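Peer 1: Sharing model_22.csv here; it has CSV, C-alpha atoms.
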```csv
chain,number,residue,atom,x,y,z
A,187,MET,CA,80.2,108.1,118.3
A,188,GLY,CA,82.0,108.7,121.5
A,189,TRP,CA,84.8,106.4,120.5
A,190,MET,CA,85.6,108.7,117.6
A,191,ALA,CA,86.6,111.4,120.1
A,192,TRP,CA,84.9,114.3,118.2
A,193,THR,CA,85.7,117.9,118.9
A,194,LEU,CA,83.9,121.0,117.6
A,195,PRO,CA,86.8,122.2,115.3
A,196,THR,CA,87.3,118.8,113.7
A,197,GLY,CA,83.5,118.4,113.3
A,198,LEU,CA,83.4,121.8,111.5
A,199,PHE,CA,86.4,120.8,109.4
A,200,PHE,CA,84.8,117.6,108.1
A,201,ALA,CA,81.4,119.3,107.7
A,202,GLY,CA,83.3,121.9,105.5
A,203,ILE,CA,84.9,119.1,103.4
A,204,ALA,CA,81.6,117.3,103.0
A,205,ALA,CA,79.8,120.6,102.0
A,206,LEU,CA,82.6,121.3,99.5
A,207,LEU,CA,82.2,117.9,97.9
A,208,VAL,CA,78.4,118.3,97.7
A,209,ALA,CA,78.8,121.8,96.2
A,210,MET,CA,81.2,120.5,93.6
A,211,THR,CA,78.8,117.7,92.7
A,212,VAL,CA,75.9,120.1,92.3
A,213,TRP,CA,78.1,122.5,90.3
A,214,GLN,CA,79.2,119.7,88.0
A,215,THR,CA,75.5,118.5,87.5
A,216,VAL,CA,74.2,122.0,86.9
A,217,SER,CA,77.0,123.2,84.7
A,218,PRO,CA,79.4,120.4,83.6
A,219,GLY,CA,83.0,121.4,83.4
A,220,ARG,CA,85.8,120.0,81.2
A,221,GLU,CA,89.5,119.4,81.5
A,222,ARG,CA,91.5,122.4,80.6
A,223,LYS,CA,95.1,123.7,80.8
A,224,GLY,CA,95.9,126.7,83.1
A,225,PHE,CA,99.1,127.6,84.8
A,226,LEU,CA,99.5,124.1,86.3
A,227,PRO,CA,101.8,121.9,84.1
A,228,ILE,CA,98.9,119.4,83.5
A,229,SER,CA,95.4,119.6,82.1
A,230,THR,CA,93.0,119.4,85.1
A,231,SER,CA,89.3,119.1,85.7
A,232,ARG,CA,87.6,121.0,88.5
A,233,GLY,CA,87.9,118.0,90.8
A,234,ASP,CA,91.6,117.7,90.1
A,235,ARG,CA,92.1,121.4,90.9
A,236,LEU,CA,90.1,120.9,94.2
A,237,PHE,CA,92.3,117.9,95.1
A,238,ILE,CA,95.5,119.8,94.3
A,239,GLY,CA,94.3,122.9,96.2
A,240,LEU,CA,93.4,120.8,99.3
A,241,LEU,CA,96.7,118.9,99.2
A,242,ALA,CA,98.6,122.2,98.8
A,243,ALA,CA,96.6,123.6,101.7
A,244,ALA,CA,97.5,120.7,104.0
A,245,TYR,CA,101.2,121.1,103.2
A,246,GLY,CA,100.9,124.9,103.5
A,247,HIS,CA,99.6,124.6,107.0
A,248,LEU,CA,102.3,122.1,107.9
A,249,LEU,CA,105.0,124.4,106.6
A,250,VAL,CA,103.7,127.3,108.6
A,251,LEU,CA,103.5,125.2,111.7
A,252,ALA,CA,107.1,123.8,111.2
A,253,LEU,CA,108.8,127.0,110.2
A,254,THR,CA,107.0,130.0,111.8
A,255,ASP,CA,105.3,131.1,114.9
A,256,TRP,CA,102.4,132.6,113.0
A,257,PRO,CA,98.9,132.1,114.2
A,258,LEU,CA,97.2,129.4,112.1
A,259,TRP,CA,94.5,131.7,110.6
A,260,ILE,CA,97.2,133.4,108.5
A,261,ALA,CA,98.1,130.0,107.0
A,262,THR,CA,94.4,129.3,106.4
A,263,ALA,CA,93.9,132.7,104.8
A,264,ILE,CA,96.9,132.1,102.4
A,265,CYS,CA,95.6,128.6,101.6
A,266,VAL,CA,92.1,129.8,100.9
A,267,ALA,CA,93.6,132.5,98.5
A,268,GLY,CA,95.8,129.8,96.9
A,269,MET,CA,92.8,127.5,96.5
A,270,ALA,CA,90.8,130.3,94.8
A,271,ILE,CA,93.7,131.0,92.4
A,272,ILE,CA,94.2,127.2,91.6
A,273,MET,CA,90.4,126.8,91.0
A,274,LYS,CA,90.2,129.9,88.7
A,275,TRP,CA,93.5,129.9,86.8
A,276,GLY,CA,95.1,126.5,87.6
B,291,MET,CA,77.0,115.9,76.5
B,292,LYS,CA,73.7,115.4,78.3
B,293,THR,CA,73.5,112.7,81.0
B,294,TYR,CA,70.2,110.8,80.8
B,295,ASN,CA,70.5,108.5,83.7
B,296,ASN,CA,72.7,108.5,86.8
B,297,LYS,CA,71.3,105.3,88.4
B,298,ALA,CA,74.5,103.4,87.8
B,299,TRP,CA,76.0,105.4,90.7
B,300,TRP,CA,74.0,103.3,93.1
B,301,LEU,CA,76.2,100.4,92.1
B,302,VAL,CA,79.1,102.3,93.7
B,303,LEU,CA,77.3,102.4,97.0
B,304,PRO,CA,78.6,99.0,98.4
B,305,VAL,CA,82.2,100.0,97.7
B,306,PHE,CA,81.6,103.4,99.3
B,307,VAL,CA,80.2,101.8,102.5
B,308,LEU,CA,83.2,99.4,102.6
B,309,VAL,CA,85.8,102.2,102.1
B,310,ALA,CA,83.9,104.3,104.7
B,311,PHE,CA,84.2,101.7,107.4
B,312,SER,CA,87.8,100.5,106.5
B,313,ALA,CA,89.4,103.9,105.7
B,314,ILE,CA,87.3,107.1,106.0
B,315,ILE,CA,85.8,106.6,109.5
B,316,PRO,CA,89.2,105.4,111.1
B,317,MET,CA,90.9,108.3,109.4
B,318,MET,CA,88.4,110.8,110.8
B,319,THR,CA,89.1,109.3,114.2
B,320,VAL,CA,92.8,109.8,113.7
B,321,VAL,CA,92.2,113.4,112.8
B,322,ASN,CA,90.1,113.8,116.0
B,323,TYR,CA,92.9,112.2,118.1
B,324,SER,CA,95.6,114.4,116.6
B,325,VAL,CA,94.2,117.6,118.1
B,326,GLN,CA,93.8,116.1,121.6
B,327,ASP,CA,95.8,114.9,124.5
B,328,ILE,CA,94.2,111.5,125.4
B,329,PHE,CA,94.7,109.8,128.7
B,330,ASP,CA,91.7,107.4,128.5
B,331,PRO,CA,88.4,107.4,126.6
B,332,SER,CA,86.8,109.9,129.0
B,333,THR,CA,89.8,112.0,129.9
B,334,ARG,CA,91.0,114.0,126.9
B,335,TYR,CA,92.0,117.7,126.3
B,336,PHE,CA,91.9,119.8,123.2
B,337,VAL,CA,95.4,121.0,122.3
B,338,GLY,CA,94.8,122.3,118.8
B,339,THR,CA,97.8,121.9,116.5
B,340,GLU,CA,100.4,121.5,119.3
B,341,TRP,CA,101.2,117.9,118.4
B,342,TYR,CA,101.8,118.9,114.8
B,343,ARG,CA,104.2,121.6,115.9
B,344,GLU,CA,106.2,119.2,118.1
B,345,ILE,CA,106.2,116.4,115.6
B,346,LEU,CA,107.4,118.5,112.7
B,347,VAL,CA,110.6,119.5,114.5
B,348,ASP,CA,111.1,116.1,116.1
B,349,PRO,CA,114.6,114.7,115.1
B,350,ARG,CA,113.3,111.1,115.4
B,351,LEU,CA,110.7,111.8,112.6
B,352,HIS,CA,113.4,113.5,110.4
B,353,ASP,CA,115.8,110.6,110.9
B,354,SER,CA,113.1,107.9,110.2
B,355,LEU,CA,111.9,109.9,107.2
B,356,VAL,CA,115.3,110.1,105.6
B,357,ARG,CA,115.9,106.3,106.2
B,358,GLN,CA,112.5,105.6,104.8
B,359,PHE,CA,113.1,107.5,101.6
B,360,ILE,CA,116.5,105.9,101.1
B,361,TYR,CA,115.0,102.5,101.7
B,362,SER,CA,112.1,103.0,99.3
B,363,PHE,CA,114.4,104.4,96.7
B,364,CYS,CA,116.8,101.4,96.9
B,365,VAL,CA,113.8,99.0,96.8
B,366,LEU,CA,112.5,100.6,93.6
B,367,ALA,CA,115.9,101.0,92.0
B,368,ILE,CA,116.6,97.2,92.5
B,369,GLU,CA,113.3,95.5,92.2
B,370,VAL,CA,111.8,97.3,89.2
B,371,PRO,CA,114.8,96.6,86.8
B,372,LEU,CA,115.3,93.2,88.2
B,373,GLY,CA,111.6,92.3,87.9
B,374,ILE,CA,111.7,93.4,84.2
B,375,VAL,CA,114.8,91.3,83.5
B,376,VAL,CA,113.2,88.3,85.2
B,377,ALA,CA,110.0,88.7,83.2
B,378,LEU,CA,112.0,89.0,79.9
B,379,SER,CA,113.9,85.9,80.6
B,380,MET,CA,110.8,83.8,81.5
B,381,PRO,CA,109.7,81.2,79.0
B,382,ARG,CA,106.7,82.1,76.7
B,383,ARG,CA,105.4,78.6,76.1
B,384,GLY,CA,105.7,75.0,77.2
B,385,LEU,CA,106.0,73.5,80.7
B,386,GLY,CA,108.4,76.2,81.8
B,387,VAL,CA,105.6,78.7,82.0
B,388,PRO,CA,103.6,77.1,84.9
B,389,PHE,CA,106.8,76.0,86.6
B,390,SER,CA,108.3,79.5,86.6
B,391,LEU,CA,104.9,81.1,87.6
B,392,ILE,CA,104.6,78.8,90.6
B,393,LEU,CA,108.3,79.4,91.5
B,394,LEU,CA,107.9,83.1,91.4
B,395,SER,CA,104.6,83.1,93.4
B,396,LEU,CA,106.2,81.2,96.3
B,397,PRO,CA,107.9,84.1,98.1
B,398,LEU,CA,104.6,86.1,97.8
B,399,LEU,CA,102.7,83.4,99.7
B,400,VAL,CA,105.0,83.6,102.7
B,401,PRO,CA,103.6,85.8,105.5
B,402,TRP,CA,105.7,88.9,106.5
B,403,ASN,CA,106.7,87.8,110.0
B,404,VAL,CA,107.8,84.4,108.6
B,405,VAL,CA,110.0,86.2,106.0
B,406,GLY,CA,111.6,88.1,108.8
B,407,THR,CA,112.2,84.9,110.8
B,408,ILE,CA,113.6,83.1,107.7
B,409,TRP,CA,116.1,85.9,107.1
B,410,GLN,CA,116.9,86.1,110.8
B,411,ILE,CA,118.1,82.5,110.6
B,412,ILE,CA,119.6,82.7,107.1
B,413,GLY,CA,121.7,85.7,108.1
B,414,ARG,CA,123.2,84.2,111.2
B,415,GLU,CA,126.9,83.7,110.9
B,416,ASP,CA,127.0,80.3,112.8
B,417,ILE,CA,124.0,78.4,111.3
B,418,GLY,CA,122.7,80.6,108.5
B,419,LEU,CA,123.6,79.9,104.9
B,420,TYR,CA,124.0,83.6,103.9
B,421,GLY,CA,125.8,84.7,107.0
B,422,TRP,CA,128.0,81.7,107.3
B,423,THR,CA,129.0,81.9,103.5
B,424,LEU,CA,129.9,85.6,103.7
B,425,ASN,CA,132.0,85.0,106.8
B,426,SER,CA,133.7,82.0,105.2
B,427,LEU,CA,134.6,84.2,102.3
B,428,GLY,CA,136.5,86.4,104.8
B,429,LEU,CA,133.8,89.2,105.0
B,430,ASP,CA,133.1,90.4,108.5
B,431,TYR,CA,129.3,90.1,108.3
B,432,ASN,CA,127.0,90.5,111.3
B,433,TYR,CA,123.6,92.0,110.7
B,434,ALA,CA,122.9,92.3,114.5
B,435,SER,CA,125.8,94.6,115.2
B,436,ASN,CA,126.8,96.3,112.0
B,437,PRO,CA,124.4,98.9,110.6
B,438,ARG,CA,125.6,98.4,107.0
B,439,ASP,CA,125.1,94.7,107.2
B,440,ALA,CA,121.7,95.2,108.7
B,441,TRP,CA,120.7,97.5,105.9
B,442,ILE,CA,122.0,95.1,103.2
B,443,THR,CA,120.1,92.2,104.8
B,444,VAL,CA,116.8,94.1,105.1
B,445,LEU,CA,117.1,95.1,101.4
B,446,VAL,CA,118.1,91.6,100.2
B,447,MET,CA,115.1,90.3,102.2
B,448,ASP,CA,112.7,92.7,100.5
B,449,VAL,CA,114.2,92.0,97.1
B,450,TRP,CA,113.7,88.2,97.8
B,451,HIS,CA,110.2,88.7,98.9
B,452,TRP,CA,108.8,91.2,96.4
B,453,THR,CA,110.7,91.2,93.1
B,454,SER,CA,108.4,88.3,92.1
B,455,LEU,CA,105.4,90.7,92.2
B,456,VAL,CA,107.1,93.1,89.8
B,457,ALA,CA,108.2,90.2,87.6
B,458,LEU,CA,104.7,88.7,87.5
B,459,LEU,CA,103.1,92.0,86.6
B,460,CYS,CA,105.7,92.6,83.9
B,461,TYR,CA,105.2,89.1,82.5
B,462,SER,CA,101.5,89.6,82.2
B,463,GLY,CA,102.2,92.9,80.4
B,464,LEU,CA,104.6,91.2,78.0
B,465,ARG,CA,102.2,88.4,77.3
B,466,SER,CA,99.5,90.9,76.2
B,467,ILE,CA,101.7,92.4,73.4
B,468,PRO,CA,100.3,91.1,70.1
B,469,ASP,CA,102.7,89.0,68.0
B,470,VAL,CA,102.4,91.4,65.0
B,471,TYR,CA,104.6,93.9,66.8
B,472,TYR,CA,107.4,91.3,67.0
B,473,GLN,CA,106.8,90.3,63.4
B,474,ALA,CA,107.1,94.0,62.3
B,475,ALA,CA,110.3,94.3,64.3
B,476,ARG,CA,111.8,91.1,62.7
B,477,ILE,CA,111.0,92.5,59.2
B,478,ASP,CA,112.8,95.8,60.2
B,479,ARG,CA,115.6,93.7,61.6
B,480,ALA,CA,115.3,95.5,64.9
B,481,SER,CA,117.9,94.6,67.6
B,482,HIS,CA,116.9,93.0,70.9
B,483,TRP,CA,117.5,96.4,72.6
B,484,ALA,CA,115.3,98.2,70.0
B,485,VAL,CA,112.5,95.7,70.5
B,486,PHE,CA,112.7,96.3,74.3
B,487,ARG,CA,113.0,100.1,74.0
B,488,PHE,CA,110.3,100.7,71.4
B,489,ILE,CA,107.8,97.8,71.8
B,490,GLN,CA,108.1,96.1,75.2
B,491,LEU,CA,108.8,99.0,77.5
B,492,PRO,CA,106.1,101.3,76.1
B,493,LYS,CA,103.6,98.5,76.4
B,494,LEU,CA,104.7,97.7,79.9
B,495,LYS,CA,104.1,101.3,81.1
B,496,ASN,CA,100.7,100.7,82.7
B,497,VAL,CA,101.7,97.6,84.6
B,498,LEU,CA,105.0,99.3,85.6
B,499,LEU,CA,102.9,102.2,87.0
B,500,ILE,CA,101.0,99.7,89.2
B,501,ALA,CA,104.2,97.9,90.2
B,502,VAL,CA,106.0,101.1,91.1
B,503,MET,CA,103.1,102.5,93.1
B,504,LEU,CA,102.5,99.2,94.9
B,505,ARG,CA,106.2,98.7,95.8
B,506,PHE,CA,106.6,102.4,96.8
B,507,MET,CA,103.5,102.3,99.1
B,508,ASP,CA,104.4,98.9,100.6
B,509,SER,CA,108.1,99.7,101.1
B,510,PHE,CA,107.2,103.1,102.6
B,511,MET,CA,104.9,101.4,105.1
B,512,ILE,CA,107.1,98.5,105.8
B,513,TYR,CA,107.0,97.3,109.4
B,514,THR,CA,106.9,93.6,110.1
B,515,GLU,CA,109.9,92.3,108.2
B,516,PRO,CA,112.6,94.6,109.6
B,517,PHE,CA,110.9,94.5,113.0
B,518,VAL,CA,111.3,90.7,113.2
B,519,LEU,CA,114.7,90.7,111.5
B,520,THR,CA,116.6,93.5,113.3
B,521,GLY,CA,114.0,95.0,115.7
B,522,GLY,CA,115.0,98.4,114.2
B,523,GLY,CA,118.6,98.1,115.2
B,524,PRO,CA,121.5,98.1,115.6
B,525,GLY,CA,120.7,101.3,117.5
B,526,THR,CA,118.1,102.9,115.2
B,527,ALA,CA,119.8,102.0,111.9
B,528,THR,CA,116.8,100.2,110.5
B,529,THR,CA,114.0,101.9,112.4
B,530,PHE,CA,111.6,103.1,109.7
B,531,LEU,CA,108.6,105.4,110.0
B,532,SER,CA,106.0,102.8,110.9
B,533,GLN,CA,108.2,101.4,113.7
B,534,THR,CA,108.8,104.9,115.1
B,535,LEU,CA,105.0,105.5,114.9
B,536,THR,CA,104.2,102.2,116.6
B,537,GLN,CA,106.7,102.9,119.4
B,538,MET,CA,105.0,106.2,119.9
B,539,ALA,CA,101.4,104.9,119.8
B,540,LEU,CA,101.7,101.6,121.6
B,541,GLY,CA,105.1,101.8,123.5
B,542,GLN,CA,104.5,105.3,125.0
B,543,PHE,CA,100.7,105.3,124.5
B,544,ASP,CA,101.1,108.8,123.2
B,545,LEU,CA,97.9,108.7,121.0
B,546,GLY,CA,97.6,112.3,120.1
B,547,ARG,CA,101.2,112.7,119.0
B,548,ALA,CA,101.1,109.4,117.1
B,549,ALA,CA,97.9,110.5,115.3
B,550,ALA,CA,99.5,113.7,114.2
B,551,PHE,CA,102.6,111.7,113.0
B,552,SER,CA,100.4,109.3,111.1
B,553,LEU,CA,98.5,112.1,109.3
B,554,ILE,CA,101.8,113.6,108.2
B,555,TYR,CA,102.9,110.1,107.1
B,556,PHE,CA,99.7,109.7,105.1
B,557,LEU,CA,100.1,113.1,103.4
B,558,ILE,CA,103.6,112.1,102.3
B,559,ILE,CA,102.4,108.8,100.8
B,560,LEU,CA,99.4,110.7,99.2
B,561,LEU,CA,101.7,113.3,97.6
B,562,VAL,CA,104.3,110.9,96.3
B,563,THR,CA,101.7,108.5,94.9
B,564,TRP,CA,99.8,111.3,93.2
B,565,VAL,CA,103.0,112.6,91.6
B,566,PHE,CA,103.9,109.1,90.3
B,567,TYR,CA,100.4,108.5,89.0
B,568,THR,CA,100.0,112.0,87.4
B,569,ALA,CA,103.5,111.9,85.8
B,570,MET,CA,102.9,108.5,84.3
B,571,THR,CA,99.3,108.9,83.1
B,572,HIS,CA,100.0,112.5,81.9
B,573,ASN,CA,102.7,111.1,79.5
B,574,ASP,CA,100.2,108.5,78.5
B,575,ASP,CA,97.7,111.2,77.5
B,576,LYS,CA,100.3,113.0,75.4
B,577,GLY,CA,101.7,110.0,73.7
```
Can you give me the file's structure in the form of C-alpha cells?
Peer 2:
Amino acid sequence: MGWMAWTLPTGLFFAGIAALLVAMTVWQTVSPGRERKGFLPISTSRGDRLFIGLLAAAYGHLLVLALTDWPLWIATAICVAGMAIIMKWG
Amino acid sequence: MKTYNNKAWWLVLPVFVLVAFSAIIPMMTVVNYSVQDIFDPSTRYFVGTEWYREILVDPRLHDSLVRQFIYSFCVLAIEVPLGIVVALSMPRRGLGVPFSLILLSLPLLVPWNVVGTIWQIIGREDIGLYGWTLNSLGLDYNYASNPRDAWITVLVMDVWHWTSLVALLCYSGLRSIPDVYYQAARIDRASHWAVFRFIQLPKLKNVLLIAVMLRFMDSFMIYTEPFVLTGGGPGTATTFLSQTLTQMALGQFDLGRAAAFSLIYFLIILLVTWVFYTAMTHNDDKG
C-alpha cells in the first residue's frame, strides 16, 4: 500500500466516509426511509441528502480556502452543521 | 415494504471490484497525493491544504476553466441541435438506413490522435482542403497563428468527430416511438413542428440526457485532439484544463499540486453532471 502514499489525515477521512456509508446502510435496513420534499427544490431520499451534503461540504471547504484565511476547522464545523440541516430538513 | 431477500446484491460485487480498481483506489491515491509534496516515492512531506489554497488562486486554472466552460458550451450548443436535425433527416426504411448508419459511425471509429492529425493537415493553408479553400475565398485563415481560427478549427473538429454520436442516439430514440403517435398526429392534422415539439422531443428526452451528459463530460475532459492539432496554442488560446493539468503533473512533475487540481476538476464535473441529471430526471418524475 506504500504506492498509495497514505497519510494519517487522509486515512481518517476515508475511514469516516466508509463509516458513514455503513451507518447509512444499517439505518436504511433497520428503518427504511422514503423520498420526501423538504426545503431543497427536489424530493430526496436519505442517500440523496447525504450526497448533496457531502458535495456542498467539499465546495464549502474550497470556498473557505479560496476566499478566507480562516483555519480549516471553522469550514468543517460550518459544513457539519450544514450537513445536519440538509439531512433533517432538506 | 418488507425485503425478504438481499442476495441479489452479491451480483453487484464484480462491478464493485472493477470500479474499485479502476476508479476508487486511484482516486484515493490522488487524494493522498494532494496533501503532500512528493519528490520521489520515499521522500514526501505532508503539507495539508496548501496546494488547494495555491491552486484556487492560480490564474492559469482560472483561464483554463473559463476556456473549458466556453468550449463545452459551444460543443453542446452546436452538436445537440445538429445531431437532432441529422437524426430527423435520416431515412426510416430501405437501403438508406444501413448506409447512413455506417456513414455516421465512421468518425466515431477514428482514434482521437488521428482526428487531430487529420485536421492538422486539412487546416493547412498550403495543402489542406479546409485551409486552402478559406484562403482562396479571401479569408485570412491560419489556425497556427490566429487564436480565433484555432478555436474555430478545434470546434469544427469536435463537431465532425462527435455529432454522429448525438445523431445515432437520437435516431435510436426516434425509432422507438410507436407509429400510433404519428397516426394520431395525422388524424389531428398536426404540423411537422407540432409533431416534433409534442411527440418526438418528449420521447427523445432520455436519450438526449445521455447525449448531453456524455458530450459534456467528454468535451470537458478533452485533451488529445487539441493537443495534436494546436498544442494548446497559439500562446495558450486552446489550452484546456486537462492540458494544463498534464503540464503540471508530467511537465513540471508537480504531483501534489496536480493532484489538488485534478480533484477540483473532478468536483466541477461531478456537480455539473449531477445538476444536468437531476434537472432532467426531476422533470421526468413530474411529467
Peer 1: Dump as a list of chain:residue names the residues of chain A that approach chain B to within 8 Å, counting only C-alpha atoms.
Peer 2: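 Output check: A:Trp189, A:Met190, A:Ala191, A:Trp192, A:Thr193, A:Thr196, A:Ile228, A:Leu241, A:Leu248, A:Leu251, A:Ala252.
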Peer 1: Distance atom CA of Pro524 of chain B-atom CA of Pro437 of chain B, one decimal place?
Peer 2: 5.8 Å
Peer 1: With all atoms listed in the file as the basis for distance, which of B:Asp330, B:Thr571, B:Leu308, B:Gly522 is at the shortest distance from Gln537 of chain B?
Peer 2: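 Answer, going by the shortest atom-to-atom distance: B:Gly522.
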Peer 1: Could you jot down the atom CA of Phe510 of chain B to atom CA of Tyr361 of chain B separation for me, Å, one decimal place?
Peer 2: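 Computing the Euclidean distance for atom CA of Phe510 of chain B and atom CA of Tyr361 of chain B yields 7.9 Å.
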Peer 1: Can you measure atom CA of Val449 of chain B to atom CA of Ser466 of chain B for me? One decimal in Å is fine.
Peer 2: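 Distance reported for this atom pair: 25.6 Å.
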Peer 1: Set the distance at 7 Å and use only C-alpha atoms: which residues neighbour segment 518-521 of chain B once local chain neighbours fewer than 4 positions away are removed? I'd like the list as a list in words.
Peer 2: Asn403, Gly406, Thr407, Trp409, Gln410, Ala434 and Thr514 of chain B
Peer 1: Env of Gly276 of chain A: 8 Å cut, atoms = all atoms listed in the file, seq-sep filter 3 positions within chain, self excluded. Answer as a PyMOL selection string.
Peer 2: chain A and resi 223-226+230+235+271-273
